[in-house]
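> Got a structure for you, questions after.
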Amino acid sequence: MSALQLYQLVALFLLCVGLYGFIWRRSLVSMLISLELMLNGAGLSIVAASQHTAANAVLGQLGALLVMGLAAAEATLVLAIVLVVTQRFKTSESISVSELKG
Amino acid sequence: MESLAHIAFGVYTALIVGGACIAVLARSLVRSLVGLVATLFGVAGLYLLMAAPFIAFMQILIYVGGVSVLIFFAIMLTHAAPTGDESKSRPVRKRLNAIFAMTVPAVVLAIQIIVHGPKGFEMPSEVSLPELGAGLLGPYLLAFELISVVLFVAMAGAIMLAWRQWGKR
């Protein structure tokens, strides 16, 4: 198996573990942790695909950098949303937010 | 890859696999965060292995230095107890759903990668730091500026959300 395929398999593992955790976990913070795992897999896949093929390597590395910036922005927003949810519902479980009023 | 590179790949992959399993399965949220940090270090090591040291450095700086601290703040501010939400029992259907969501992309994409995936080069291509800088200020200037706007809007929105809630008390 070539190096590119090994890197892609590791990235796929990160994606699948993140998906499992995203559905399995109850609290919003641990769902955020699973989301970060998935985003890491995406970055790893992008950089591996650009470094080990004839594709533009600069574009791949800058794309991974962009993914990291988006992950940071998303983590900031999720932190604020989790804070608001905790103060309003007194818990950070995702199930408590899913019920409609009425 | 040389044999030394194989050993390094194995070590980093073990770090990633162990860290990801702890991050997903640990009851305590702080342990789960420690697993995430281990995974982030492993991914940074893989970046080093594929000759992208700048991205590895940025991974450690942004994720380990920034995002994990943010998540730690989230854990502290939500008063998440180790015996809290995560240790309650779940319905069987939820476990089935989670396993289904994990296996379907795993099987489909793994077959695609192993059977039809491109072989690629054995040696990664080298990109120097000046080339990356020229790329950021040249053809990808718009994306560079837009990501700063996105970051600014996210920070401002987070402060707005938290501040309005805080002012109500």
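Chain labels follow the order of the structure tokens: the first chain is A, the next B, and so on; residue numbering restarts at 1 in every chain, and ligands are counted from 1 in their shown order.
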Find the spatial neighbours of range 44-53 of chain A, counting only C-alpha atoms, within a cut-off of 8 Å - ignore same-chain residues fewer than 2 positions away - and output them as a list of chain:residue names.

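Answer for this query is A:Ala3, A:Leu4, A:Tyr7, A:Gln8, A:Ala11, A:Asn40, A:Gly41, A:Ala42, A:Ala55, A:Asn56, A:Ala57, A:Leu59, A:Gly60, A:Gln61, A:Gly63, A:Ala64, B:Val43, B:Tyr47, B:Met50, B:Ala51, B:Gly120, B:Phe121, B:Glu122, B:Met123, B:Pro124, B:Ser125, B:Glu126.
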
> Using only C-alpha atoms, which residues sit within 12 Å of range 130-145 of chain B once same-chain residues fewer than 5 positions away are excluded, as a PDB file with C-alpha atoms, in the first residue's frame?


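Full text of out.pdb as output:
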```pdb
ATOM      1  CA  ASN A  56      -0.591  22.092  -6.398  1.00  0.00           C
ATOM      2  CA  ALA A  57       1.103  21.625  -3.009  1.00  0.00           C
ATOM      3  CA  VAL A  58       0.806  25.304  -2.030  1.00  0.00           C
ATOM      4  CA  LEU A  59      -2.958  25.186  -2.565  1.00  0.00           C
ATOM      5  CA  GLY A  60      -3.266  22.049  -0.424  1.00  0.00           C
ATOM      6  CA  GLN A  61      -1.310  23.458   2.518  1.00  0.00           C
ATOM      7  CA  LEU A  62      -3.163  26.764   2.416  1.00  0.00           C
ATOM      8  CA  GLY A  63      -6.468  24.886   2.210  1.00  0.00           C
ATOM      9  CA  LEU A  65      -4.720  26.278   7.025  1.00  0.00           C
ATOM     10  CA  LEU A  66      -8.159  27.583   5.993  1.00  0.00           C
ATOM     11  CA  VAL A  67      -9.821  24.525   7.529  1.00  0.00           C
ATOM     12  CA  GLY A  69      -9.160  28.847  10.771  1.00  0.00           C
ATOM     13  CA  LEU A  70     -12.749  27.764  10.194  1.00  0.00           C
TER      14      LEU A  70
ATOM     15  CA  ALA B  52       4.781  20.116   5.683  1.00  0.00           C
ATOM     16  CA  PRO B  53       6.465  21.510   8.828  1.00  0.00           C
ATOM     17  CA  PHE B  54       4.647  24.854   8.656  1.00  0.00           C
ATOM     18  CA  ILE B  55       1.251  23.155   8.767  1.00  0.00           C
ATOM     19  CA  VAL B 150     -15.088  35.097   9.257  1.00  0.00           C
ATOM     20  CA  LEU B 151     -12.920  34.905  12.382  1.00  0.00           C
ATOM     21  CA  PHE B 152     -13.804  38.499  13.316  1.00  0.00           C
TER      22      PHE B 152
END
```

> Rank A:Leu32, A:Thr86, A:Glu93, A:Ala75 by their smallest atom-to-atom distance to Met155 in chain B, using only C-alpha atoms, and report the top residue only.

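Ranking A:Leu32, A:Thr86, A:Glu93, A:Ala75 by distance to Met155 in chain B, first place goes to A:Ala75.
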
> Using only C-alpha atoms and a distance of at most 7 Å, pull out the residues of chain B that contact chain A, as a count of residues only.

40

> Report, in Å with one decimal, the straight-line distance from CA of Met38 in chain A to CA of Val92 in chain B.

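Separation of CA of Met38 in chain A and CA of Val92 in chain B: 24.3 Å.
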
> Quick one: distance from CA of Gly45 in chain B to CA of Tyr12 in chain B in Å, one decimal?

6.2 Å

> Can you pull out every residue from chain A that DSSP, working from the backbone, puts in alpha helix (DSSP H), and format the result as an NGL selection string?

:A and (3-24 or 28-51 or 57-89)

> Can you write out the residues you just picked, keeping C-alpha atoms, as a PDB file, in the first residue's frame?


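See out-v1.pdb below for the written result:
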```
ATOM      1  CA  ALA A   3       1.995   6.294   1.467  1.00  0.00           C
ATOM      2  CA  LEU A   4      -0.939   8.304   0.113  1.00  0.00           C
ATOM      3  CA  GLN A   5      -3.377   5.463   0.771  1.00  0.00           C
ATOM      4  CA  LEU A   6      -2.071   5.027   4.338  1.00  0.00           C
ATOM      5  CA  TYR A   7      -2.573   8.716   5.090  1.00  0.00           C
ATOM      6  CA  GLN A   8      -6.058   8.635   3.585  1.00  0.00           C
ATOM      7  CA  LEU A   9      -6.972   5.608   5.715  1.00  0.00           C
ATOM      8  CA  VAL A  10      -5.886   7.447   8.880  1.00  0.00           C
ATOM      9  CA  ALA A  11      -8.001  10.439   7.802  1.00  0.00           C
ATOM     10  CA  LEU A  12     -10.946   8.107   7.170  1.00  0.00           C
ATOM     11  CA  PHE A  13     -10.495   6.629  10.657  1.00  0.00           C
ATOM     12  CA  LEU A  14     -10.678  10.111  12.172  1.00  0.00           C
ATOM     13  CA  LEU A  15     -13.853  10.862  10.188  1.00  0.00           C
ATOM     14  CA  CYS A  16     -15.567   7.634  11.295  1.00  0.00           C
ATOM     15  CA  VAL A  17     -14.621   7.970  14.970  1.00  0.00           C
ATOM     16  CA  GLY A  18     -15.850  11.556  14.882  1.00  0.00           C
ATOM     17  CA  LEU A  19     -19.165  10.495  13.343  1.00  0.00           C
ATOM     18  CA  TYR A  20     -19.600   7.768  15.971  1.00  0.00           C
ATOM     19  CA  GLY A  21     -18.903  10.175  18.809  1.00  0.00           C
ATOM     20  CA  PHE A  22     -21.123  12.867  17.356  1.00  0.00           C
ATOM     21  CA  ILE A  23     -24.143  10.565  17.521  1.00  0.00           C
ATOM     22  CA  TRP A  24     -23.181   8.603  20.633  1.00  0.00           C
ATOM     23  CA  LEU A  28     -22.800  19.478  23.568  1.00  0.00           C
ATOM     24  CA  VAL A  29     -19.143  19.875  24.548  1.00  0.00           C
ATOM     25  CA  SER A  30     -18.237  16.294  23.708  1.00  0.00           C
ATOM     26  CA  MET A  31     -20.086  16.649  20.402  1.00  0.00           C
ATOM     27  CA  LEU A  32     -17.772  19.612  19.739  1.00  0.00           C
ATOM     28  CA  ILE A  33     -14.766  17.392  20.505  1.00  0.00           C
ATOM     29  CA  SER A  34     -16.005  14.817  17.958  1.00  0.00           C
ATOM     30  CA  LEU A  35     -16.463  17.603  15.406  1.00  0.00           C
ATOM     31  CA  GLU A  36     -12.840  18.669  15.896  1.00  0.00           C
ATOM     32  CA  LEU A  37     -11.742  15.066  15.227  1.00  0.00           C
ATOM     33  CA  MET A  38     -13.639  15.071  11.919  1.00  0.00           C
ATOM     34  CA  LEU A  39     -12.168  18.436  10.869  1.00  0.00           C
ATOM     35  CA  ASN A  40      -8.680  17.137  11.655  1.00  0.00           C
ATOM     36  CA  GLY A  41      -9.290  14.187   9.372  1.00  0.00           C
ATOM     37  CA  ALA A  42     -10.346  16.571   6.613  1.00  0.00           C
ATOM     38  CA  GLY A  43      -7.167  18.628   6.957  1.00  0.00           C
ATOM     39  CA  LEU A  44      -4.988  15.520   6.990  1.00  0.00           C
ATOM     40  CA  SER A  45      -6.672  14.224   3.839  1.00  0.00           C
ATOM     41  CA  ILE A  46      -6.249  17.552   2.009  1.00  0.00           C
ATOM     42  CA  VAL A  47      -2.543  17.889   2.815  1.00  0.00           C
ATOM     43  CA  ALA A  48      -1.803  14.236   2.001  1.00  0.00           C
ATOM     44  CA  ALA A  49      -3.572  14.494  -1.344  1.00  0.00           C
ATOM     45  CA  SER A  50      -1.648  17.622  -2.304  1.00  0.00           C
ATOM     46  CA  GLN A  51       1.781  16.529  -1.044  1.00  0.00           C
ATOM     47  CA  ALA A  57       1.103  21.625  -3.009  1.00  0.00           C
ATOM     48  CA  VAL A  58       0.806  25.304  -2.030  1.00  0.00           C
ATOM     49  CA  LEU A  59      -2.958  25.186  -2.565  1.00  0.00           C
ATOM     50  CA  GLY A  60      -3.266  22.049  -0.424  1.00  0.00           C
ATOM     51  CA  GLN A  61      -1.310  23.458   2.518  1.00  0.00           C
ATOM     52  CA  LEU A  62      -3.163  26.764   2.416  1.00  0.00           C
ATOM     53  CA  GLY A  63      -6.468  24.886   2.210  1.00  0.00           C
ATOM     54  CA  ALA A  64      -5.584  22.964   5.374  1.00  0.00           C
ATOM     55  CA  LEU A  65      -4.720  26.278   7.025  1.00  0.00           C
ATOM     56  CA  LEU A  66      -8.159  27.583   5.993  1.00  0.00           C
ATOM     57  CA  VAL A  67      -9.821  24.525   7.529  1.00  0.00           C
ATOM     58  CA  MET A  68      -7.965  25.238  10.789  1.00  0.00           C
ATOM     59  CA  GLY A  69      -9.160  28.847  10.771  1.00  0.00           C
ATOM     60  CA  LEU A  70     -12.749  27.764  10.194  1.00  0.00           C
ATOM     61  CA  ALA A  71     -12.434  25.230  13.031  1.00  0.00           C
ATOM     62  CA  ALA A  72     -11.228  27.966  15.376  1.00  0.00           C
ATOM     63  CA  ALA A  73     -14.116  30.261  14.405  1.00  0.00           C
ATOM     64  CA  GLU A  74     -16.619  27.438  14.815  1.00  0.00           C
ATOM     65  CA  ALA A  75     -15.223  26.478  18.238  1.00  0.00           C
ATOM     66  CA  THR A  76     -15.592  30.080  19.426  1.00  0.00           C
ATOM     67  CA  LEU A  77     -19.223  30.275  18.318  1.00  0.00           C
ATOM     68  CA  VAL A  78     -20.059  26.862  19.775  1.00  0.00           C
ATOM     69  CA  LEU A  79     -18.553  27.922  23.111  1.00  0.00           C
ATOM     70  CA  ALA A  80     -20.875  30.960  23.217  1.00  0.00           C
ATOM     71  CA  ILE A  81     -23.897  28.879  22.191  1.00  0.00           C
ATOM     72  CA  VAL A  82     -23.133  26.232  24.839  1.00  0.00           C
ATOM     73  CA  LEU A  83     -22.876  28.981  27.456  1.00  0.00           C
ATOM     74  CA  VAL A  84     -26.267  30.415  26.487  1.00  0.00           C
ATOM     75  CA  VAL A  85     -27.875  26.953  26.450  1.00  0.00           C
ATOM     76  CA  THR A  86     -26.414  26.088  29.866  1.00  0.00           C
ATOM     77  CA  GLN A  87     -27.681  29.288  31.438  1.00  0.00           C
ATOM     78  CA  ARG A  88     -31.160  28.935  29.958  1.00  0.00           C
ATOM     79  CA  PHE A  89     -31.751  25.168  30.353  1.00  0.00           C
TER      80      PHE A  89
END
```

> In Å, how far is it from CA of Phe57 in chain B to CA of Ala156 in chain B?

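Straight-line distance from CA of Phe57 in chain B to CA of Ala156 in chain B works out to 26.7 Å.
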
> Could you pull the residues within 12 Å of Glu2 in chain B, counting only C-alpha atoms, minus those fewer than 2 positions along the same chain, as a list of chain:residue names?

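Neighbouring residues, sequence-local ones excluded: A:Ala3, B:Leu4, B:Ala5, B:His6, B:Ile7, B:Ala8, B:Phe9, B:Leu49, B:Glu122, B:Met123.
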
> Please determine, counting only C-alpha atoms, which residue among B:Val104, B:Leu40, B:Leu48, B:Val30 has the shortest atom-to-atom distance to Phe73 in chain B.

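That would be B:Val30, the residue with the smallest distance to Phe73 in chain B.
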